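Okay, structure.tsv now, which holds TSV, C-alpha atoms:
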```tsv
chain	number	residue	atom	x	y	z
A	113	MET	CA	78.06	45.51	180.01
A	114	ILE	CA	81.67	44.57	180.81
A	115	PHE	CA	84.47	43.59	178.43
A	116	LEU	CA	86.94	41.03	179.83
A	117	VAL	CA	90.14	41.10	177.79
A	118	ASP	CA	92.78	38.44	178.53
A	119	ASP	CA	94.68	35.95	176.37
A	120	ASN	CA	94.47	33.37	179.19
A	121	THR	CA	91.17	31.50	178.82
A	122	THR	CA	91.32	30.18	182.39
A	123	ASN	CA	91.50	33.75	183.75
A	124	LEU	CA	88.64	34.76	181.45
A	125	ALA	CA	86.45	31.91	182.64
A	126	SER	CA	87.12	32.70	186.30
A	127	ALA	CA	86.36	36.43	185.97
A	128	GLU	CA	83.31	35.78	183.80
A	129	GLU	CA	81.89	33.31	186.32
A	130	THR	CA	82.36	35.86	189.11
A	131	LEU	CA	80.69	38.75	187.29
A	132	SER	CA	78.08	37.17	185.01
A	133	GLU	CA	75.46	36.88	187.78
A	134	ASP	CA	75.22	40.68	187.98
A	135	TYR	CA	76.40	41.93	184.58
A	136	ARG	CA	76.41	41.11	180.92
A	137	VAL	CA	79.99	40.01	180.26
A	138	ILE	CA	81.77	39.66	176.91
A	139	SER	CA	85.07	37.75	177.02
A	140	LEU	CA	87.74	38.60	174.45
A	141	THR	CA	91.12	36.91	174.01
A	142	SER	CA	93.04	39.87	172.58
A	143	ALA	CA	93.04	43.66	172.41
A	144	ALA	CA	92.46	43.45	168.64
A	145	LYS	CA	89.24	41.50	169.25
A	146	MET	CA	88.21	44.14	171.78
A	147	PHE	CA	88.50	46.90	169.18
A	148	ASP	CA	86.60	44.76	166.67
A	149	ALA	CA	83.83	44.29	169.25
A	150	PHE	CA	83.35	48.08	169.49
A	151	ASP	CA	81.57	47.86	166.13
A	152	ARG	CA	78.72	46.10	167.93
A	153	PHE	CA	78.99	47.05	171.63
A	154	ILE	CA	80.18	49.92	173.79
A	155	PRO	CA	80.89	48.56	177.30
A	156	ASP	CA	80.36	50.38	180.59
A	157	LEU	CA	83.69	49.01	181.89
A	158	ILE	CA	86.75	47.19	180.53
A	159	LEU	CA	88.82	44.71	182.55
A	160	LEU	CA	92.11	44.60	180.67
A	161	ASP	CA	95.10	42.29	181.04
A	162	ILE	CA	98.57	43.80	180.53
A	163	GLU	CA	100.67	40.88	179.27
A	164	MET	CA	99.15	39.91	175.94
A	165	PRO	CA	100.78	39.13	172.57
A	166	GLU	CA	100.64	41.52	169.58
A	167	MET	CA	99.08	44.44	171.51
A	168	ASN	CA	99.70	44.53	175.26
A	169	GLY	CA	97.39	46.19	177.77
A	170	PHE	CA	99.36	49.44	177.95
A	171	GLU	CA	99.30	49.79	174.16
A	172	ALA	CA	95.57	49.02	174.08
A	173	MET	CA	94.97	51.59	176.82
A	174	GLN	CA	96.87	54.24	174.87
A	175	LYS	CA	94.80	53.48	171.76
A	176	LEU	CA	91.59	53.82	173.79
A	177	LYS	CA	92.65	57.19	175.17
A	178	ASP	CA	93.60	58.42	171.68
A	179	SER	CA	90.06	57.76	170.45
A	180	LYS	CA	87.32	60.31	171.11
A	181	LEU	CA	84.80	57.46	170.80
A	182	TYR	CA	86.25	55.24	173.53
A	183	ASP	CA	88.42	57.47	175.72
A	184	LYS	CA	85.73	57.87	178.41
A	185	ILE	CA	85.22	54.11	179.00
A	186	PRO	CA	86.65	53.27	182.45
A	187	VAL	CA	89.42	50.65	182.39
A	188	ILE	CA	90.61	48.42	185.22
A	189	PHE	CA	93.88	46.59	184.68
A	190	LEU	CA	93.44	42.96	185.77
A	191	THR	CA	96.96	41.53	185.78
A	192	GLY	CA	99.50	39.23	187.34
A	193	ARG	CA	101.93	42.13	187.68
A	194	SER	CA	102.16	43.56	191.18
A	195	ASP	CA	105.13	45.94	190.87
A	196	VAL	CA	104.76	49.66	191.59
A	197	ALA	CA	106.14	50.69	188.18
A	198	SER	CA	103.44	48.80	186.29
A	199	GLU	CA	100.69	50.15	188.51
A	200	THR	CA	102.01	53.69	188.15
A	201	ALA	CA	102.22	53.33	184.37
A	202	GLY	CA	98.64	52.07	184.22
A	203	ILE	CA	97.25	54.88	186.34
A	204	GLU	CA	99.20	57.49	184.33
A	205	LEU	CA	97.61	56.11	181.16
A	206	GLY	CA	94.20	56.71	182.68
A	207	ALA	CA	93.19	53.38	184.27
A	208	VAL	CA	90.71	53.79	187.12
A	209	ASP	CA	92.02	50.81	189.11
A	210	PHE	CA	94.59	48.02	189.18
A	211	ILE	CA	93.59	44.51	190.38
A	212	THR	CA	96.29	41.86	190.72
A	213	LYS	CA	95.78	38.19	189.89
A	214	PRO	CA	94.98	35.82	191.43
A	215	PHE	CA	91.97	37.79	192.67
A	216	THR	CA	89.18	36.75	195.03
A	217	ALA	CA	85.63	36.83	193.73
A	218	ALA	CA	84.52	39.17	196.53
A	219	VAL	CA	87.24	41.75	195.82
A	220	LEU	CA	86.58	41.70	192.07
A	221	LYS	CA	82.82	42.15	192.57
A	222	VAL	CA	83.22	45.06	194.99
A	223	ARG	CA	85.82	46.92	192.89
A	224	VAL	CA	83.76	46.53	189.71
A	225	LYS	CA	80.54	47.62	191.45
A	226	ASN	CA	82.25	50.69	192.93
A	227	HIS	CA	83.58	51.87	189.59
A	228	LEU	CA	80.33	51.27	187.74
A	229	ASN	CA	78.46	53.26	190.40
A	230	ILE	CA	81.00	56.10	190.18
A	231	ASP	CA	80.80	56.04	186.38
A	232	GLN	CA	77.00	56.22	186.52
A	233	ILE	CA	77.16	59.26	188.80
A	234	ILE	CA	79.67	60.93	186.47
A	235	ARG	CA	77.49	60.20	183.43
A	236	GLU	CA	74.43	61.67	185.16
A	237	ARG	CA	76.32	64.80	186.19
A	238	THR	CA	77.81	65.16	182.70
A	239	ALA	CA	74.36	64.83	181.14
A	240	LYS	CA	73.02	67.46	183.53
A	241	LEU	CA	75.88	69.82	182.67
A	242	THR	CA	75.33	69.24	178.96
A	243	ARG	CA	71.64	70.07	179.31
A	244	LEU	CA	72.59	73.24	181.18
A	245	GLN	CA	75.12	74.24	178.49
A	246	ASN	CA	72.60	73.56	175.73
A	247	GLY	CA	70.01	75.61	177.58
A	248	ILE	CA	72.33	78.58	178.05
A	249	VAL	CA	73.40	78.55	174.41
A	250	SER	CA	69.81	78.18	173.16
A	251	VAL	CA	68.68	81.18	175.22
A	252	MET	CA	71.61	83.30	174.00
A	253	ALA	CA	71.08	82.22	170.38
A	254	ASP	CA	67.34	82.92	170.61
A	255	LEU	CA	68.08	86.42	171.88
A	256	VAL	CA	70.09	87.06	168.73
A	257	GLU	CA	67.52	85.48	166.42
A	258	ASN	CA	64.66	87.45	167.99
A	259	ARG	CA	66.52	90.75	167.66
A	260	ASP	CA	67.63	90.14	164.07
A	261	GLY	CA	64.37	90.00	162.17
A	262	ASN	CA	66.14	89.49	158.85
A	263	THR	CA	67.71	86.07	159.36
A	264	GLY	CA	65.01	83.72	160.64
A	265	GLY	CA	66.28	80.17	161.17
A	266	HIS	CA	69.87	81.10	160.23
A	267	ILE	CA	71.37	80.01	163.55
A	268	ASP	CA	69.73	76.57	163.57
A	269	ARG	CA	70.60	75.91	159.92
A	270	THR	CA	74.24	76.95	160.14
A	271	ALA	CA	74.76	74.83	163.27
A	272	VAL	CA	73.58	71.75	161.36
A	273	TYR	CA	75.72	72.62	158.29
A	274	MET	CA	78.70	73.12	160.59
A	275	GLU	CA	78.31	69.66	162.12
A	276	MET	CA	77.89	68.05	158.69
A	277	LEU	CA	80.93	69.80	157.24
A	278	VAL	CA	83.23	69.05	160.19
A	279	GLU	CA	82.16	65.38	160.12
A	280	ALA	CA	82.93	65.23	156.38
A	281	MET	CA	86.32	66.89	156.95
A	282	ILE	CA	87.24	64.33	159.59
A	283	LYS	CA	86.24	61.48	157.26
A	284	SER	CA	88.24	63.00	154.39
A	285	GLY	CA	91.34	63.35	156.57
A	286	ILE	CA	92.01	67.07	156.04
A	287	TYR	CA	93.39	69.01	159.02
A	288	ILE	CA	93.29	65.72	160.89
A	289	GLU	CA	95.64	66.84	163.68
A	290	GLU	CA	93.40	69.79	164.50
A	291	THR	CA	90.07	67.96	164.25
A	292	LYS	CA	90.88	64.54	165.72
A	293	ASN	CA	89.71	65.43	169.23
A	294	TRP	CA	86.78	67.63	168.25
A	295	ASP	CA	83.33	66.75	169.55
A	296	LEU	CA	80.85	67.31	166.70
A	297	LYS	CA	77.93	68.17	168.99
A	298	SER	CA	80.06	70.66	170.93
A	299	VAL	CA	81.26	72.32	167.70
A	300	ALA	CA	77.67	72.62	166.46
A	301	LEU	CA	76.63	74.07	169.82
A	302	SER	CA	79.45	76.63	169.64
A	303	ALA	CA	78.44	77.59	166.08
A	304	ARG	CA	75.05	78.75	167.38
A	305	LEU	CA	76.80	81.72	169.02
A	306	HIS	CA	78.64	82.96	165.92
A	307	ASP	CA	76.47	86.10	165.64
A	308	LEU	CA	76.09	86.70	169.38
A	309	GLY	CA	77.59	90.20	169.03
A	310	LYS	CA	74.52	91.32	167.09
A	311	ILE	CA	72.84	91.71	170.49
A	312	ALA	CA	74.96	94.87	170.89
A	313	ILE	CA	74.16	96.32	167.43
A	314	PRO	CA	71.49	99.11	167.33
A	315	ASP	CA	68.11	98.10	165.92
A	316	SER	CA	68.28	100.89	163.36
A	317	VAL	CA	71.24	99.14	161.74
A	318	LEU	CA	70.45	95.50	162.51
A	319	ASN	CA	66.90	95.63	161.17
A	320	LYS	CA	67.26	98.25	158.46
A	321	PRO	CA	64.86	97.27	155.62
A	322	GLY	CA	67.39	97.69	152.84
A	323	LYS	CA	71.08	97.77	152.00
A	324	LEU	CA	73.44	99.25	154.60
A	325	ASN	CA	75.54	102.31	153.78
A	326	ALA	CA	79.30	102.31	154.48
A	327	GLU	CA	78.93	103.76	157.97
A	328	GLU	CA	76.20	101.29	158.92
A	329	PHE	CA	78.22	98.39	157.51
A	330	ASN	CA	81.15	99.39	159.75
A	331	VAL	CA	78.76	99.26	162.72
A	332	ILE	CA	77.50	95.78	161.81
A	333	LYS	CA	81.09	94.58	161.31
A	334	GLY	CA	81.66	95.25	164.99
A	335	HIS	CA	79.49	92.26	165.92
A	336	SER	CA	82.45	89.86	165.63
A	337	GLU	CA	84.52	91.58	168.33
A	338	LYS	CA	81.45	92.35	170.45
A	339	GLY	CA	80.47	88.68	170.37
A	340	ALA	CA	83.96	87.58	171.40
A	341	LYS	CA	83.91	90.07	174.27
A	342	ILE	CA	80.52	88.82	175.56
A	343	ILE	CA	81.76	85.22	175.44
A	344	ASP	CA	85.00	86.22	177.20
A	345	GLU	CA	83.00	87.79	180.02
A	346	THR	CA	80.82	84.67	180.24
A	347	ILE	CA	83.91	82.43	180.50
A	348	LEU	CA	85.31	84.63	183.29
A	349	LYS	CA	82.07	84.37	185.26
A	350	THR	CA	81.32	80.67	184.65
A	351	GLY	CA	84.85	79.24	184.70
A	352	ASP	CA	86.61	76.88	182.29
A	353	ALA	CA	84.29	75.89	179.42
A	354	ASP	CA	85.61	74.30	176.23
A	355	PHE	CA	82.46	74.91	174.23
A	356	LEU	CA	82.60	78.64	175.03
A	357	ARG	CA	86.25	78.87	173.98
A	358	ASP	CA	85.28	77.34	170.63
A	359	ALA	CA	82.34	79.75	170.41
A	360	LYS	CA	84.69	82.68	170.98
A	361	ILE	CA	86.93	81.55	168.11
A	362	ILE	CA	83.94	81.14	165.81
A	363	ALA	CA	82.44	84.52	166.76
A	364	SER	CA	85.80	86.27	166.36
A	365	TYR	CA	86.95	84.86	163.04
A	366	HIS	CA	83.96	83.81	160.91
A	367	HIS	CA	84.23	86.97	158.76
A	368	GLU	CA	87.94	86.61	158.01
A	369	LYS	CA	88.81	85.79	154.40
A	370	TRP	CA	91.44	83.42	153.02
A	371	ASN	CA	93.13	86.28	151.08
A	372	GLY	CA	93.34	88.58	154.12
A	373	THR	CA	90.61	91.05	153.14
A	374	GLY	CA	88.12	90.00	155.83
A	375	TYR	CA	87.42	91.50	159.24
A	376	PRO	CA	87.95	92.28	162.08
A	377	HIS	CA	91.62	91.20	162.11
A	378	GLY	CA	92.51	90.91	158.41
A	379	LEU	CA	94.09	87.50	158.92
A	380	LYS	CA	95.18	85.46	155.92
A	381	GLY	CA	95.20	81.74	155.02
A	382	LEU	CA	96.19	79.41	157.85
A	383	GLU	CA	96.51	82.38	160.23
A	384	ILE	CA	92.71	82.19	160.50
A	385	PRO	CA	91.72	79.56	163.10
A	386	LEU	CA	90.19	76.48	161.47
A	387	LEU	CA	86.82	76.87	163.23
A	388	GLY	CA	86.56	80.38	161.82
A	389	ARG	CA	87.37	79.20	158.28
A	390	ILE	CA	84.69	76.49	158.44
A	391	MET	CA	82.06	78.82	159.89
A	392	ALA	CA	82.82	81.41	157.20
A	393	LEU	CA	81.74	78.98	154.48
A	394	VAL	CA	78.52	77.70	156.06
A	395	ASP	CA	77.57	81.23	157.13
A	396	VAL	CA	77.91	82.58	153.59
A	397	TYR	CA	76.17	79.58	152.03
A	398	ASP	CA	73.10	80.09	154.21
A	399	ALA	CA	73.09	83.84	153.54
A	400	LEU	CA	73.23	83.19	149.79
A	401	VAL	CA	70.31	80.76	149.67
A	402	SER	CA	68.17	82.86	152.04
A	403	GLU	CA	66.09	85.91	151.25
A	404	ARG	CA	67.20	89.20	152.80
A	405	PRO	CA	65.63	92.68	152.70
A	406	TYR	CA	68.28	93.73	150.19
A	407	LYS	CA	68.27	90.60	147.97
A	408	LYS	CA	66.33	87.60	146.74
A	409	ALA	CA	67.44	84.08	147.68
A	410	PHE	CA	69.94	82.47	145.29
A	411	THR	CA	69.35	78.90	144.20
A	412	HIS	CA	71.55	76.18	145.63
A	413	GLU	CA	73.35	75.88	142.27
A	414	GLN	CA	74.01	79.64	142.14
A	415	ALA	CA	75.38	79.55	145.68
A	416	LEU	CA	77.71	76.68	144.76
A	417	THR	CA	79.03	78.66	141.78
A	418	ILE	CA	79.75	81.68	143.98
A	419	ILE	CA	81.50	79.53	146.60
A	420	LYS	CA	83.61	77.78	143.93
A	421	ASN	CA	84.59	81.14	142.46
A	422	ASP	CA	85.59	82.40	145.92
A	423	SER	CA	87.69	79.32	146.73
A	424	GLY	CA	91.21	80.57	147.46
A	425	THR	CA	90.05	84.18	147.93
A	426	HIS	CA	87.24	84.16	150.51
A	427	PHE	CA	87.37	80.49	151.50
A	428	ASP	CA	89.93	77.82	152.34
A	429	PRO	CA	90.14	75.70	149.13
A	430	GLU	CA	90.41	72.40	151.01
A	431	ILE	CA	87.26	73.12	153.00
A	432	VAL	CA	85.46	74.15	149.80
A	433	ASN	CA	86.37	70.78	148.23
A	434	VAL	CA	84.86	68.89	151.16
A	435	PHE	CA	81.77	71.11	151.12
A	436	MET	CA	81.24	70.37	147.44
A	437	GLY	CA	81.31	66.65	148.24
A	438	ILE	CA	78.39	66.99	150.66
A	439	ASN	CA	76.53	69.84	148.94
A	440	GLU	CA	73.49	67.71	148.06
A	441	GLY	CA	73.05	66.76	151.72
A	442	ILE	CA	73.42	70.40	152.76
A	443	SER	CA	70.79	71.44	150.18
A	444	LYS	CA	68.40	68.76	151.43
A	445	VAL	CA	68.75	69.96	155.03
A	446	HIS	CA	68.13	73.55	153.92
A	447	ASP	CA	64.96	72.53	152.05
A	448	GLU	CA	63.71	70.59	155.09
A	449	PHE	CA	64.25	73.61	157.34
A	450	VAL	CA	62.44	75.92	154.91
A	451	ALA	CA	59.52	73.50	154.54
A	452	HIS	CA	59.24	73.25	158.33
A	453	GLU	CA	59.37	77.06	158.73
A	454	HIS	CA	56.50	77.50	156.23
A	455	HIS	CA	54.21	75.10	158.11
```

Write the structure described by the file as structure tokens, please.
Amino acid sequence: MIFLVDDNTTNLASAEETLSEDYRVISLTSAAKMFDAFDRFIPDLILLDIEMPEMNGFEAMQKLKDSKLYDKIPVIFLTGRSDVASETAGIELGAVDFITKPFTAAVLKVRVKNHLNIDQIIRERTAKLTRLQNGIVSVMADLVENRDGNTGGHIDRTAVYMEMLVEAMIKSGIYIEETKNWDLKSVALSARLHDLGKIAIPDSVLNKPGKLNAEEFNVIKGHSEKGAKIIDETILKTGDADFLRDAKIIASYHHEKWNGTGYPHGLKGLEIPLLGRIMALVDVYDALVSERPYKKAFTHEQALTIIKNDSGTHFDPEIVNVFMGINEGISKVHDEFVAHEHH
């Protein structure tokens, strides 16, 4: 599907006639109408005029690039401007091509076909890379889960809670500058590695059938830094990987506390990276409502009371407020996981 965006209806009709034999084309007479159309359609390509009233093509392009929903849609500027400055500005904003009007049908068809083919190749390679990343993380997470016999299902559950909580935070508008470019699926994927360092903890401590003594607790506390180190080594060997950098932050800081009494760094308040503060809450919630060798499972209501009481000491109060707003959904997901595990 292609969006044609131009306030000149003659230009729209000409471009639509050229392309409609091979593609589904939606013609729109303003950038505002284009953004409205996103509620119903996500195009494979946008042909965008520059000189339009209210919102010109450059402004529309900037808005597209600022949105994590639409920033990957390829844009070709289709315009009467032919100066170098305009073309340079368009390319710098992220346009994949610049076609000047009046255009010939043959040129328009070829340029559009080329970019759609390139975009398809990129999408296929991205999907392949995503599958590879998911596979690597799943294997690493399963290694942890299989070694830690006390926390069955914890990794899967906390990843889902993490995604739900981050989505709710974005909707509520808290920490908007930090979260605006986050990919929810990538964050959830990263959360699956929060306890990766437990791979390096001795079985005698990790699977002790009872409460840990002070010395053993100090050993288990080392899993945060060990996890970060393993992820660091993985980044060095595999190259630049955003999801692994997020995973390192989560592994490093998910046991820090808002009042500075957490570990391993003893950070306080906003010193703690946001991903660590979010993971801290979902990690504790799942631990509270799950049975452990040293305790019975708390009810959802009991867990909420504990989290409320620890708001401003263990947890970031703003994140707690958002969590409380979605707590029924979190509880439902937990119950579904437990029911599935018992089948």

* So which residues touch range 299-307 of chain A within 8 Å, counting all atoms listed in the file, skipping near sequence neighbours fewer than 2 positions away, as an MDAnalysis selection string? -> chainID A and resid 246 249:250 252:253 256 267:268 270:272 274:275 294:297 309:310 335:336 339 355:356 358:360 362:364 366 391

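Counting only C-alpha atoms, the residue from A:Asp315, A:Glu383, A:Glu279, A:Asp344 that sits nearest to Phe435 in chain A is A:Glu279.
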
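Residue nearest Lys145 in chain A, chosen from A:His227, A:Lys184, A:Leu220, A:Asp118 and counting all atoms listed in the file: A:Asp118.
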
Would you pick out the contacts of range 146-152 of chain A at 8 Å or less, using all atoms listed in the file, so that residues sharing its chain but fewer than 4 positions from it are not included, and give the list as a PDB file with C-alpha atoms, in the frame of the given file?
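Result saved to part_34.pdb:
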```
ATOM      1  CA  PHE A 115      84.470  43.590 178.430  1.00  0.00           C
ATOM      2  CA  VAL A 117      90.140  41.100 177.790  1.00  0.00           C
ATOM      3  CA  LEU A 140      87.740  38.600 174.450  1.00  0.00           C
ATOM      4  CA  SER A 142      93.040  39.870 172.580  1.00  0.00           C
TER       5      SER A 142
END
```

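Within the 9 Å cut-off around range 119-132 of chain A, using all atoms listed in the file and omitting residues fewer than 5 positions from it on the same chain, the listed residues are A:Ile114, A:Val137, A:Ile138, A:Ser139, A:Leu140, A:Thr141, A:Ser142, A:Ala143, A:Asp161, A:Glu163, A:Met164, A:Pro165, A:Lys213, A:Pro214, A:Phe215, A:Ala217, A:Ala218, A:Leu220, A:Lys221, A:Val224.
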
* Could you name the residues that touch range 394-406 of chain A at 7 Å or less, counting only C-alpha atoms, but leaving out those on the same chain fewer than 3 positions away, as a list of chain:residue names? -> A:Asn262, A:His266, A:Thr270, A:Tyr273, A:Met274, A:Pro321, A:Gly322, A:Lys323, A:Ile390, A:Met391, A:Ala409, A:Phe410, A:Thr411, A:His412, A:Ala415

Can you take range 311-356 of chain A from the block and write C-alpha atoms as an mmCIF file, in the first residue's frame?
```
data_model
loop_
_atom_site.group_PDB
_atom_site.id
_atom_site.type_symbol
_atom_site.label_atom_id
_atom_site.label_comp_id
_atom_site.auth_asym_id
_atom_site.auth_seq_id
_atom_site.Cartn_x
_atom_site.Cartn_y
_atom_site.Cartn_z
ATOM 1 C CA ILE A 311 24.168 -19.069 36.118
ATOM 2 C CA ALA A 312 27.395 -18.272 38.005
ATOM 3 C CA ILE A 313 25.971 -18.907 41.506
ATOM 4 C CA PRO A 314 26.836 -22.307 43.105
ATOM 5 C CA ASP A 315 23.990 -24.834 43.248
ATOM 6 C CA SER A 316 24.419 -25.190 46.997
ATOM 7 C CA VAL A 317 23.317 -21.573 47.395
ATOM 8 C CA LEU A 318 20.972 -21.180 44.428
ATOM 9 C CA ASN A 319 18.908 -24.261 45.223
ATOM 10 C CA LYS A 320 19.189 -24.360 48.997
ATOM 11 C CA PRO A 321 15.859 -25.734 50.337
ATOM 12 C CA GLY A 322 15.390 -23.062 52.970
ATOM 13 C CA LYS A 323 16.311 -19.542 54.005
ATOM 14 C CA LEU A 324 19.825 -18.327 53.159
ATOM 15 C CA ASN A 325 22.232 -17.298 55.921
ATOM 16 C CA ALA A 326 24.075 -13.959 55.720
ATOM 17 C CA GLU A 327 27.094 -15.408 53.922
ATOM 18 C CA GLU A 328 24.939 -17.241 51.383
ATOM 19 C CA PHE A 329 22.823 -14.130 50.811
ATOM 20 C CA ASN A 330 25.993 -12.171 49.985
ATOM 21 C CA VAL A 331 26.837 -14.846 47.407
ATOM 22 C CA ILE A 332 23.391 -14.647 45.789
ATOM 23 C CA LYS A 333 23.602 -10.838 45.739
ATOM 24 C CA GLY A 334 26.545 -11.192 43.380
ATOM 25 C CA HIS A 335 24.234 -12.327 40.577
ATOM 26 C CA SER A 336 23.510 -8.716 39.548
ATOM 27 C CA GLU A 337 27.135 -7.872 38.753
ATOM 28 C CA LYS A 338 27.827 -11.340 37.334
ATOM 29 C CA GLY A 339 24.864 -10.964 34.978
ATOM 30 C CA ALA A 340 26.042 -7.551 33.812
ATOM 31 C CA LYS A 341 29.521 -8.960 33.176
ATOM 32 C CA ILE A 342 28.175 -11.877 31.093
ATOM 33 C CA ILE A 343 26.067 -9.473 29.012
ATOM 34 C CA ASP A 344 29.066 -7.134 28.585
ATOM 35 C CA GLU A 345 31.137 -10.016 27.235
ATOM 36 C CA THR A 346 28.293 -10.994 24.894
ATOM 37 C CA ILE A 347 28.067 -7.416 23.552
ATOM 38 C CA LEU A 348 31.835 -7.370 22.933
ATOM 39 C CA LYS A 349 31.644 -10.619 20.955
ATOM 40 C CA THR A 350 28.433 -9.925 19.012
ATOM 41 C CA GLY A 351 28.797 -6.191 18.385
ATOM 42 C CA ASP A 352 26.338 -3.331 18.899
ATOM 43 C CA ALA A 353 23.016 -4.619 20.273
ATOM 44 C CA ASP A 354 20.445 -2.294 21.826
ATOM 45 C CA PHE A 355 18.451 -5.057 23.472
ATOM 46 C CA LEU A 356 21.580 -6.360 25.226
#
```
